[in-house]
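Enquirer: Please see the structure below; I have some questions.
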Amino acid sequence: MLNRLLFISSLLCLLIAQGVNAQQLKVVAETSSFTDYEFVNDDLKIMSSYGLTVPVSGNSPRYQILEQAVSTLNSTVSQEKAAVLALSSTNQPLIETSEPGVYRGNKVSSLSINIARHGERETLVLRKLRLRVYKEGDQVLPKQNRSKALSTSLFETGTWYKIPVTQSAIYQLDADYMESLGIDISSIDPRNIQLWGTNGYQLPELNSASRPELSQLPIIVEGQNDGVFNTNDRVLFYGNSPHQILRDSLDFSHQIHPYSNQNFVFLTIGDEAGSRLSVSNNNISPSRTITTFSDFIWKDEELYKSEDRIKSGRYWFGRRFEATSNGTPITVFSDTLPGILEDEPLTV
């Protein structure tokens with residue numbers, strides 16, 4: 001208990017001493033090139049060190065000791081008090097300097113003025129100090145931005161049209177749709193129609209993870225061979241839904257895109273022919289006939305939050321299940337797969 005009281009009283013001494021330091025280190029003279037500080041401790045009080053930041057030129061702190069007076073006390077400071085006040089030993093100099101650093105574009109160093117230094121048989125106490133700190137030091141120019149320059153954006157040249165995709169399916173862009181985008185179909189060469197995009201799925205959350213780059217999507221342009229986009233011509237392409245269906249062995253699962261219900265592809269009329277789907281060899285005889293296959297449907301509506309006042313975030317809830325007073329069953333999900341075989345098992 002006594003040690004605890006001594007520690008607390010020493011801590012109070014530290015707080016009081018720091019306040020005294022701030023009051024006793026005073027500015028006594030100042031010009032455009034330097035500032036003079038003076039510290040007076042006629043009562044030889046044991047205090048913690050005082051810190052002061054000074055400019056640096058080269059590797060030398062820009063200060064000068066004009067006057068100093070140190071008294072020797074034939075008494076020692078207890079280890080507890082020395083630890084609380086963070087006193088240096090008598091082997092250390094009156095002023096200790098740190099390695100140079102940078103503050104607001106200027107090269108600076110921190111001075112630690114040891115007002116009291118303790119030893120095994122004596123204590124050195126600073127009675128008076130007059131210190132001149134010069135204002136000019138080295139300036140440090142800001143580092144040049146070394147980040148790698150971004151590559152030229154694909155969208156910097158040409159006119160681009162953003163086309164939404166909501167379901168995984170084959171889409172067509174006919175003459176009416178092209179004109180609704182603002183394209184003058186009479187002035188374009190359909191052989192130069194290009195479609196760009198990615199898989200459309202959710203991007204990784206980690207900045208360090210790789211991201212898909214825009215690439216040209218192979219498409220079919222019916223009627224392009226004459227070099228004119230006629231009213232009966234059309235563009236066909238396959239687009240992915242932003243929501244992904246996954247399959248591991250025989251098990252299906254799905255992954256909702258938490259930020260969008262749309263994927264987008266980008267159409268432009270380039271200066272060269274666009275990528276086209278090639279016709280595969282259709283003279284190959286089939287080796288087997290597929291009559292059945294596994295399919296997967298899911299319902300994952302995002303209708304509500306846990307609190308009605310919150311209308312954003314990644315996690316949403318679907319339909320609320322209202323209880324009936326008489327225990328009557330309610331229909332939660334009603335859907336079907338076209339062509340489903342009734343005698344085959346279903347996995348829920």
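Residues are named by chain letter and number: chains run A, B, ... in the order of the structure tokens, numbers start at 1 in each chain, and ligands are numbered from 1 in the order shown.
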Could you write out, as a VMD selection string, all the residues of segment 182-261 of chain A that DSSP marks as strand (DSSP E or B)?

Expert: chain A and resid 193 to 197 215 to 216 219 to 222 234 to 239 244 to 248 251 to 255

Enquirer: Near segment 274-284 of chain A, counting only C-alpha atoms, which residues have an atom at most 8 Å away, once you skip same-chain residues fewer than 2 positions from it, shown as a VMD selection string?

Expert: chain A and resid 191 to 195 216 to 221 270 272 286

Enquirer: I'd like the contact shell of segment 234-236 of chain A - 8 Å cut-off, only C-alpha atoms, skipping same-chain residues fewer than 6 positions apart - returned as a ChimeraX atom specification.

Expert: /A:170-175,219-223

Enquirer: Can you list, as a list in words, every protein, DNA or RNA residue that comes within 8 Å of Ile163 of chain A when you count only C-alpha atoms, leaving out same-chain residues fewer than 6 positions away?

Expert: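 Answer for this query is Phe264, Val265, Phe266 and Leu267 of chain A.
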
Enquirer: Pick from A:Thr157, A:Gln139, A:Ser294, A:Thr97: nearest to Ser109 of chain A, with only C-alpha atoms counted?

Expert: A:Thr97

Enquirer: Using only C-alpha atoms, can you tell me which of A:Val125, A:Ser249, A:Gly227, A:Asn263 comes closest to Ser71 of chain A?

Expert: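 Looking at the shortest contact to Ser71 of chain A, the residue is A:Val125.
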
Enquirer: Which residues in segment 45-130 of chain A does DSSP call alpha helix (DSSP H)? List them as a ChimeraX atom specification.

Expert: /A:79-85

Enquirer: Please identify all polymer residues within 10 Å of Thr76 of chain A, counting only C-alpha atoms, omitting same-chain residues fewer than 6 positions from it, and present them as a VMD selection string.

Expert: chain A and resid 82 117 to 124

Enquirer: Measuring between only C-alpha atoms, which one of A:Met47, A:Val165, A:Ile188, A:Leu337 shows the shortest distance to Lys81 of chain A?

Expert: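 Smallest separation from Lys81 of chain A among the options: A:Met47.
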
Enquirer: Have a look at atom CA of Ile46 of chain A and atom CA of Leu25 of chain A and let me know their distance in Å, one decimal.

Expert: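 Spanning atom CA of Ile46 of chain A to atom CA of Leu25 of chain A is a straight-line distance of 15.0 Å.
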